[in-house]
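See below for final-v2.cif, which holds mmCIF, C-alpha atoms.
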data_input
#
loop_
_atom_site.group_PDB
_atom_site.id
_atom_site.type_symbol
_atom_site.label_atom_id
_atom_site.label_comp_id
_atom_site.auth_asym_id
_atom_site.auth_seq_id
_atom_site.Cartn_x
_atom_site.Cartn_y
_atom_site.Cartn_z
ATOM 1 C CA SER A 1 58.400 1.603 -56.745
ATOM 2 C CA THR A 2 60.449 0.842 -53.683
ATOM 3 C CA VAL A 3 59.125 1.187 -50.142
ATOM 4 C CA VAL A 4 61.761 2.418 -47.713
ATOM 5 C CA ILE A 5 61.211 1.437 -44.075
ATOM 6 C CA SER A 6 63.170 3.392 -41.531
ATOM 7 C CA LEU A 7 64.813 1.350 -38.792
ATOM 8 C CA ALA A 8 65.742 4.357 -36.751
ATOM 9 C CA PHE A 9 63.404 3.317 -33.975
ATOM 10 C CA LEU A 10 65.694 0.342 -33.247
ATOM 11 C CA SER A 11 68.241 2.750 -31.843
ATOM 12 C CA PHE A 12 65.663 4.124 -29.352
ATOM 13 C CA PRO A 13 67.116 3.575 -25.867
ATOM 14 C CA PHE A 14 64.911 1.245 -23.837
ATOM 15 C CA ASN A 15 65.597 3.042 -20.560
ATOM 16 C CA THR A 16 64.235 6.341 -21.879
ATOM 17 C CA VAL A 17 61.277 7.704 -19.888
ATOM 18 C CA MET A 18 58.097 7.670 -22.021
ATOM 19 C CA ASP A 19 55.859 10.680 -22.469
ATOM 20 C CA PRO A 20 53.236 10.471 -19.683
ATOM 21 C CA SER A 21 50.539 11.524 -22.162
ATOM 22 C CA VAL A 22 50.967 8.210 -23.977
ATOM 23 C CA LEU A 23 48.341 5.755 -22.667
ATOM 24 C CA ASP A 24 49.064 2.145 -21.870
ATOM 25 C CA ALA A 25 47.615 -0.504 -24.106
ATOM 26 C CA ARG A 26 44.152 -1.717 -23.080
ATOM 27 C CA THR A 27 42.562 -5.090 -23.643
ATOM 28 C CA VAL A 28 39.152 -4.845 -25.261
ATOM 29 C CA VAL A 29 36.727 -7.708 -24.668
ATOM 30 C CA TYR A 30 34.489 -8.817 -27.502
ATOM 31 C CA CYS A 31 31.536 -11.115 -27.016
ATOM 32 C CA GLY A 32 32.225 -14.598 -28.353
ATOM 33 C CA ALA A 33 28.556 -14.984 -29.308
ATOM 34 C CA CYS A 34 27.832 -11.848 -31.341
ATOM 35 C CA GLY A 35 31.275 -10.265 -31.801
ATOM 36 C CA MET A 36 30.273 -6.940 -30.243
ATOM 37 C CA PRO A 37 31.688 -5.297 -27.099
ATOM 38 C CA PRO A 38 29.599 -6.653 -24.198
ATOM 39 C CA GLU A 39 28.045 -3.271 -23.375
ATOM 40 C CA TYR A 40 26.432 -3.305 -26.843
ATOM 41 C CA CYS A 41 25.205 -6.908 -26.734
ATOM 42 C CA GLU A 42 21.808 -5.904 -25.312
ATOM 43 C CA TYR A 43 20.941 -4.178 -28.588
ATOM 44 C CA GLY A 44 21.281 -7.408 -30.525
ATOM 45 C CA PRO A 45 18.683 -10.174 -30.968
ATOM 46 C CA ASP A 46 20.710 -12.847 -29.146
ATOM 47 C CA PHE A 47 21.508 -10.975 -25.947
ATOM 48 C CA GLU A 48 19.532 -13.129 -23.514
ATOM 49 C CA THR A 49 19.774 -16.420 -25.400
ATOM 50 C CA HIS A 50 23.466 -16.419 -26.342
ATOM 51 C CA CYS A 51 25.439 -13.388 -25.150
ATOM 52 C CA LEU A 52 24.554 -13.632 -21.456
ATOM 53 C CA ARG A 53 25.350 -17.342 -21.467
ATOM 54 C CA TRP A 54 28.780 -16.679 -22.975
ATOM 55 C CA LEU A 55 29.512 -13.812 -20.566
ATOM 56 C CA LYS A 56 28.496 -15.902 -17.561
ATOM 57 C CA GLN A 57 30.989 -18.584 -18.546
ATOM 58 C CA HIS A 58 33.937 -16.392 -19.586
ATOM 59 C CA HIS A 59 33.452 -13.048 -17.795
ATOM 60 C CA PRO A 60 31.329 -13.462 -14.638
ATOM 61 C CA LYS A 61 31.831 -9.840 -13.509
ATOM 62 C CA LEU A 62 30.607 -8.439 -16.819
ATOM 63 C CA TYR A 63 27.718 -10.884 -16.650
ATOM 64 C CA ARG A 64 26.651 -9.546 -13.239
ATOM 65 C CA ASP A 65 26.992 -5.930 -14.395
ATOM 66 C CA LEU A 66 25.059 -6.386 -17.626
ATOM 67 C CA SER A 67 22.349 -8.810 -16.519
ATOM 68 C CA PRO A 68 18.833 -7.299 -16.609
ATOM 69 C CA LYS A 69 17.580 -5.966 -13.287
ATOM 70 C CA LYS A 70 15.009 -7.965 -11.372
ATOM 71 C CA ASP A 71 11.376 -7.307 -12.213
ATOM 72 C CA ASP A 72 8.945 -5.703 -9.811
ATOM 73 C CA ASP A 73 7.381 -9.154 -9.319
ATOM 74 C CA ASP A 74 10.555 -10.268 -7.570
ATOM 75 C CA ASP A 75 10.341 -7.243 -5.280
ATOM 76 C CA ASP A 76 6.744 -8.092 -4.433
ATOM 77 C CA GLN A 77 7.806 -11.548 -3.305
ATOM 78 C CA ALA A 78 10.223 -9.960 -0.856
ATOM 79 C CA LYS A 79 7.516 -7.906 0.842
ATOM 80 C CA PRO A 80 7.219 -8.644 4.546
ATOM 81 C CA GLU A 81 4.229 -10.635 5.690
ATOM 82 C CA ARG A 82 1.297 -8.801 7.186
ATOM 83 C CA PRO A 83 1.293 -8.966 11.007
ATOM 84 C CA SER A 84 -1.336 -11.166 12.637
ATOM 85 C CA GLU A 85 -2.633 -8.398 14.911
ATOM 86 C CA PRO A 86 -3.029 -4.600 14.714
ATOM 87 C CA TRP A 87 -0.767 -2.271 16.652
ATOM 88 C CA THR A 88 -1.448 -1.884 20.341
ATOM 89 C CA ILE A 89 -2.188 1.575 21.736
ATOM 90 C CA GLU A 90 1.442 1.865 22.811
ATOM 91 C CA GLU A 91 2.684 0.853 19.356
ATOM 92 C CA ARG A 92 0.311 3.323 17.662
ATOM 93 C CA LEU A 93 1.526 6.166 19.864
ATOM 94 C CA THR A 94 5.177 5.184 19.397
ATOM 95 C CA LYS A 95 4.832 5.080 15.616
ATOM 96 C CA PHE A 96 3.062 8.443 15.689
ATOM 97 C CA TYR A 97 5.877 10.096 17.640
ATOM 98 C CA GLU A 98 8.520 8.402 15.498
ATOM 99 C CA LYS A 99 6.938 10.124 12.493
ATOM 100 C CA TYR A 100 6.223 13.584 13.899
ATOM 101 C CA GLN A 101 8.204 14.059 17.134
ATOM 102 C CA PRO A 102 11.046 11.502 17.348
ATOM 103 C CA ASP A 103 12.822 13.602 19.965
ATOM 104 C CA LYS A 104 9.861 13.131 22.352
ATOM 105 C CA LEU A 105 9.627 9.331 22.279
ATOM 106 C CA ASP A 106 10.533 9.241 25.965
ATOM 107 C CA SER A 107 7.198 10.888 26.781
ATOM 108 C CA VAL A 108 5.119 7.988 25.379
ATOM 109 C CA PRO A 109 4.874 5.992 28.659
ATOM 110 C CA GLY A 110 3.804 9.099 30.569
ATOM 111 C CA LEU A 111 1.115 9.946 27.992
ATOM 112 C CA LEU A 112 -0.256 6.404 28.108
ATOM 113 C CA GLU A 113 -0.568 6.624 31.865
ATOM 114 C CA LYS A 114 -2.094 10.114 31.781
ATOM 115 C CA TYR A 115 -4.688 9.280 29.116
ATOM 116 C CA ALA A 116 -5.522 5.728 30.212
ATOM 117 C CA GLY A 117 -9.085 5.056 29.062
ATOM 118 C CA LYS A 118 -9.094 8.267 26.995
ATOM 119 C CA GLU A 119 -6.801 7.167 24.171
ATOM 120 C CA ASP A 120 -9.280 8.139 21.447
ATOM 121 C CA LYS A 121 -9.296 11.747 22.640
ATOM 122 C CA LEU A 122 -5.506 11.711 22.776
ATOM 123 C CA PHE A 123 -5.194 10.539 19.173
ATOM 124 C CA GLN A 124 -7.834 12.985 18.007
ATOM 125 C CA ALA A 125 -5.854 15.845 19.534
ATOM 126 C CA LEU A 126 -2.571 14.582 18.076
ATOM 127 C CA THR A 127 -3.922 14.060 14.540
ATOM 128 C CA LYS A 128 -5.538 17.487 14.612
ATOM 129 C CA LYS A 129 -2.224 19.080 15.569
ATOM 130 C CA TYR A 130 0.279 17.067 13.512
ATOM 131 C CA GLY A 131 -1.555 15.075 10.848
ATOM 132 C CA PRO A 132 -2.889 11.565 10.159
ATOM 133 C CA GLU A 133 -1.563 8.503 11.919
ATOM 134 C CA PRO A 134 0.987 6.231 10.213
ATOM 135 C CA GLU A 135 -0.810 3.341 8.546
ATOM 136 C CA ASP A 136 -0.931 0.138 10.529
ATOM 137 C CA PRO A 137 0.399 -2.650 8.230
ATOM 138 C CA PHE A 138 -2.342 -4.927 9.592
ATOM 139 C CA TYR A 139 -4.912 -2.754 7.805
ATOM 140 C CA ALA A 140 -2.843 -2.082 4.682
ATOM 141 C CA GLU A 141 -4.736 -2.701 1.473
ATOM 142 C CA ASP A 142 -3.756 -5.808 -0.466
ATOM 143 C CA GLU A 143 -5.642 -6.463 -3.679
ATOM 144 C CA GLU A 144 -4.473 -10.071 -3.816
ATOM 145 C CA GLU A 145 -5.445 -10.875 -0.237
ATOM 146 C CA GLU A 146 -8.181 -13.448 0.055
ATOM 147 C CA ASP A 147 -11.350 -12.382 1.818
ATOM 148 C CA ASP A 148 -11.969 -13.600 5.359
ATOM 149 C CA GLY A 149 -14.364 -16.516 4.915
ATOM 150 C CA GLU A 150 -16.710 -16.478 7.889
ATOM 151 C CA ASP A 151 -16.761 -12.710 8.402
ATOM 152 C CA GLU A 152 -17.415 -12.000 4.741
ATOM 153 C CA ALA A 153 -20.089 -14.684 4.639
ATOM 154 C CA GLU A 154 -21.923 -13.019 7.518
ATOM 155 C CA VAL A 155 -21.899 -9.650 5.793
ATOM 156 C CA THR A 156 -22.954 -11.163 2.459
ATOM 157 C CA GLU A 157 -25.769 -13.090 4.102
ATOM 158 C CA GLY A 158 -26.982 -9.974 5.838
ATOM 159 C CA MET A 159 -26.943 -8.073 2.579
ATOM 160 C CA LYS A 160 -29.536 -10.384 1.067
ATOM 161 C CA GLY A 161 -32.790 -8.510 0.891
ATOM 162 C CA LEU A 162 -30.935 -5.267 1.487
ATOM 163 C CA SER A 163 -29.748 -4.788 -2.085
ATOM 164 C CA THR A 164 -27.024 -2.190 -2.486
ATOM 165 C CA SER A 165 -26.716 -2.662 -6.246
ATOM 166 C CA GLU A 166 -29.132 -0.766 -8.413
ATOM 167 C CA LYS A 167 -28.956 0.586 -11.910
ATOM 168 C CA LYS A 168 -27.325 3.985 -11.896
ATOM 169 C CA LYS A 169 -29.759 6.823 -12.310
ATOM 170 C CA ARG A 170 -29.381 8.893 -15.425
ATOM 171 C CA ARG A 171 -27.812 12.237 -14.830
ATOM 172 C CA GLY A 172 -29.520 15.510 -15.551
ATOM 173 C CA ALA A 173 -33.061 16.623 -14.863
ATOM 174 C CA GLN A 174 -34.374 13.071 -14.523
ATOM 175 C CA ALA A 175 -31.713 12.239 -11.972
ATOM 176 C CA LYS A 176 -32.698 15.225 -9.838
ATOM 177 C CA LYS A 177 -36.303 14.066 -9.827
ATOM 178 C CA ALA A 178 -35.274 10.577 -8.786
ATOM 179 C CA GLU A 179 -32.876 11.570 -5.990
ATOM 180 C CA GLY A 180 -35.452 10.841 -3.321
ATOM 181 C CA LYS A 181 -35.898 7.311 -4.700
ATOM 182 C CA VAL A 182 -32.269 6.187 -4.501
ATOM 183 C CA ASP A 183 -32.117 2.846 -2.705
ATOM 184 C CA THR A 184 -29.642 3.685 0.042
ATOM 185 C CA ARG A 185 -28.736 0.882 2.428
ATOM 186 C CA VAL A 186 -25.758 1.040 4.794
ATOM 187 C CA ILE A 187 -24.779 -1.944 6.939
ATOM 188 C CA ILE A 188 -22.509 -1.544 9.979
ATOM 189 C CA GLN A 189 -20.946 -4.570 11.625
ATOM 190 C CA LYS A 190 -18.362 -5.199 14.323
ATOM 191 C CA ILE A 191 -15.861 -7.969 13.614
ATOM 192 C CA THR A 192 -13.583 -9.254 16.355
ATOM 193 C CA ARG A 193 -10.347 -10.865 15.262
ATOM 194 C CA ASN A 194 -8.479 -13.266 17.512
ATOM 195 C CA ARG A 195 -11.098 -12.487 20.186
ATOM 196 C CA LYS A 196 -9.206 -9.318 21.045
ATOM 197 C CA LYS A 197 -8.996 -6.673 18.356
ATOM 198 C CA ALA A 198 -12.234 -5.276 16.937
ATOM 199 C CA THR A 199 -12.845 -3.568 13.607
ATOM 200 C CA THR A 200 -15.932 -1.790 12.328
ATOM 201 C CA VAL A 201 -17.021 -2.778 8.807
ATOM 202 C CA VAL A 202 -19.259 -0.424 6.814
ATOM 203 C CA VAL A 203 -20.967 -1.756 3.687
ATOM 204 C CA GLY A 204 -23.150 0.277 1.338
ATOM 205 C CA MET A 205 -21.609 3.741 1.510
ATOM 206 C CA ASP A 206 -21.381 3.600 -2.283
ATOM 207 C CA THR A 207 -25.193 3.762 -2.364
ATOM 208 C CA VAL A 208 -25.173 7.169 -0.684
ATOM 209 C CA PRO A 209 -25.571 9.841 -3.400
ATOM 210 C CA GLY A 210 -22.558 12.081 -3.888
ATOM 211 C CA VAL A 211 -20.273 10.120 -1.541
ATOM 212 C CA LYS A 212 -16.900 8.763 -2.647
ATOM 213 C CA LEU A 213 -15.655 5.794 -0.653
ATOM 214 C CA LYS A 214 -12.079 7.062 -0.329
ATOM 215 C CA ASP A 215 -13.279 10.428 0.937
ATOM 216 C CA ALA A 216 -15.626 8.736 3.412
ATOM 217 C CA SER A 217 -12.783 6.491 4.599
ATOM 218 C CA LYS A 218 -10.551 9.516 5.256
ATOM 219 C CA THR A 219 -13.384 11.189 7.158
ATOM 220 C CA PHE A 220 -13.798 8.138 9.402
ATOM 221 C CA SER A 221 -10.038 7.964 9.940
ATOM 222 C CA LYS A 222 -9.884 11.572 11.122
ATOM 223 C CA ARG A 223 -12.965 11.219 13.306
ATOM 224 C CA PHE A 224 -11.795 8.114 15.143
ATOM 225 C CA ALA A 225 -8.048 8.838 14.985
ATOM 226 C CA GLY A 226 -7.229 5.433 13.548
ATOM 227 C CA SER A 227 -6.704 3.486 10.365
ATOM 228 C CA SER A 228 -9.499 3.282 7.803
ATOM 229 C CA SER A 229 -9.359 1.706 4.349
ATOM 230 C CA VAL A 230 -11.564 0.695 1.418
ATOM 231 C CA LYS A 231 -11.489 -2.966 0.434
ATOM 232 C CA ASP A 232 -13.280 -5.269 -1.994
ATOM 233 C CA GLY A 233 -15.808 -7.614 -0.427
ATOM 234 C CA LYS A 234 -17.859 -10.304 -2.141
ATOM 235 C CA GLY A 235 -19.826 -8.321 -4.655
ATOM 236 C CA HIS A 236 -19.553 -5.047 -2.741
ATOM 237 C CA LYS A 237 -17.143 -2.427 -1.439
ATOM 238 C CA GLU A 238 -16.586 -1.994 2.280
ATOM 239 C CA ILE A 239 -14.832 0.427 4.590
ATOM 240 C CA ILE A 240 -12.864 -1.120 7.450
ATOM 241 C CA ILE A 241 -12.249 1.093 10.482
ATOM 242 C CA GLN A 242 -9.927 0.236 13.336
ATOM 243 C CA GLY A 243 -11.755 -0.211 16.634
ATOM 244 C CA ASP A 244 -15.346 -0.753 17.779
ATOM 245 C CA HIS A 245 -17.295 2.334 16.671
ATOM 246 C CA MET A 246 -20.666 0.966 15.509
ATOM 247 C CA GLU A 247 -22.868 3.496 17.283
ATOM 248 C CA GLU A 248 -20.594 6.450 16.517
ATOM 249 C CA VAL A 249 -20.296 5.470 12.838
ATOM 250 C CA ALA A 250 -24.079 5.171 12.510
ATOM 251 C CA GLU A 251 -24.584 8.575 14.110
ATOM 252 C CA MET A 252 -21.919 10.083 11.861
ATOM 253 C CA ILE A 253 -23.454 8.614 8.695
ATOM 254 C CA VAL A 254 -26.849 10.055 9.624
ATOM 255 C CA ASP A 255 -25.585 13.497 10.671
ATOM 256 C CA LYS A 256 -22.633 14.124 8.356
ATOM 257 C CA PHE A 257 -23.636 12.199 5.228
ATOM 258 C CA ASN A 258 -27.358 13.006 5.505
ATOM 259 C CA VAL A 259 -28.531 9.394 5.346
ATOM 260 C CA ALA A 260 -31.958 8.578 6.776
ATOM 261 C CA ALA A 261 -31.656 6.679 10.055
ATOM 262 C CA GLU A 262 -34.031 4.013 8.700
ATOM 263 C CA SER A 263 -31.521 3.285 5.909
ATOM 264 C CA VAL A 264 -28.669 2.558 8.328
ATOM 265 C CA TYR A 265 -28.586 -0.962 9.767
ATOM 266 C CA LEU A 266 -26.590 -2.275 12.731
ATOM 267 C CA ASP A 267 -25.596 -5.903 13.118
ATOM 268 C CA VAL A 268 -26.869 -6.683 16.627
ATOM 269 C CA ASP A 269 -26.233 -10.295 17.603
ATOM 270 C CA GLY A 270 -26.595 -11.442 14.003
ATOM 271 C CA GLU A 271 -29.732 -9.408 13.254
ATOM 272 C CA PHE A 272 -29.718 -6.268 11.111
ATOM 273 C CA VAL A 273 -31.615 -3.616 13.031
ATOM 274 C CA PRO A 274 -32.417 -0.172 11.550
ATOM 275 C CA TYR A 275 -30.512 2.486 13.467
ATOM 276 C CA GLY A 276 -33.629 4.662 13.628
ATOM 277 C CA LYS A 277 -35.593 1.927 15.426
ATOM 278 C CA LYS A 278 -33.026 0.953 18.054
#
Structure rendered as structure tokens:
Amino acid sequence: STVVISLAFLSFPFNTVMDPSVLDARTVVYCGACGMPPEYCEYGPDFETHCLRWLKQHHPKLYRDLSPKKDDDDDDQAKPERPSEPWTIEERLTKFYEKYQPDKLDSVPGLLEKYAGKEDKLFQALTKKYGPEPEDPFYAEDEEEEDDGEDEAEVTEGMKGLSTSEKKKRRGAQAKKAEGKVDTRVIIQKITRNRKKATTVVVGMDTVPGVKLKDASKTFSKRFAGSSSVKDGKGHKEIIIQGDHMEEVAEMIVDKFNVAAESVYLDVDGEFVPYGKK
């Protein structure tokens, strides 16, 4: 059989306007390592070992577009460092108004002057009206942060002989009978950082029956209108409260959490004194 090829297209005038619906020719890139279009390379076994290397050398833009995103670990490394000191009263108030009333930031200096010496009452009123304070990054929880050596050592040393770890009581009828025998010991200590800023550390709240540390921390935060967080100590959990509130915390633990005063200890000049015998 004979194949007839028409040459009529040779007479097509070159200056004729083409149909706009006809698309221009496109150049398709194929990976020199696996032979697939680059957007499909990631589904092959050699994507990271061969394809990315080839794309980086021959098509840098495609390489940047198709490279795997950075892991969360890289984001963690970019986190800002924790400040060396907590917010001042002025910074706390400014951050509070930035969150709740940004249009009233100009009133911060006047409020500081009006409530000089009564800042706690001011923050209590503000948190009651608007909500909790913004968290001070100085007190932000960091699971990888190393414990403070000397301060933690003092608390650990004081905990000797005041054991907060005891086998959990079995639930049910036997637990109800043993409720009065739970070994509850709460230690309250003031720690001064940089000889200026004080924090109140509470150890042993996990020995109080029916109390969850996070709930207790939120209660302290609302009561003292400041930051409060739960952190891991050496062999124990502790609640860290912004400010010096030893006496108030002890009173609150006795009244609100129904802990016997004799089971609450205050660190007074290095000695642990029962709150009920002060």
Original post:
To one decimal place, how far is CA of Val208 in chain A from CA of Ala225 in chain A in Å?
Top reply: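 Between CA of Val208 in chain A and CA of Ala225 in chain A the gap works out to 23.3 Å.
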**OP:** Would you write out, as a ChimeraX atom specification, every residue that the PyMOL selection byres ((chain A and resi 209) around 10) captures in this file?
**Re:** /A:179-180,182-184,205-208,210-212,257-259
**OP:** For the structure provided, state which residues fall under the PyMOL selection byres ((chain A and resi 84) around 10), and present them as a PyMOL selection string.
**Re:** chain A and resi 81-83+85-87+137-138+193-194
Original post:
Using all atoms listed in the file, which residue out of A:Asp269, A:Asp215, A:Glu262, A:Asp103 lies closest to Ala250 in chain A?
Top reply: A:Glu262
Subject >> Atomic distance CA of Lys114 in chain A - CA of Thr199 in chain A, expressed in Å with one decimal >> reply: 25.2 Å
Original post:
Written as a PyMOL selection string, which residues does the PyMOL selection byres ((chain A and resi 252) around 12) give for the file shown?
Top reply: chain A and resi 188+202+216+219-220+223-224+245-251+253-261+264+275
Subject >> Residue among A:Gln242, A:Ser229, A:Glu42, A:Leu111 lying closest to Leu213 in chain A, counting all atoms listed in the file >> reply: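 Ranking A:Gln242, A:Ser229, A:Glu42, A:Leu111 by distance to Leu213 in chain A, first place goes to A:Ser229.
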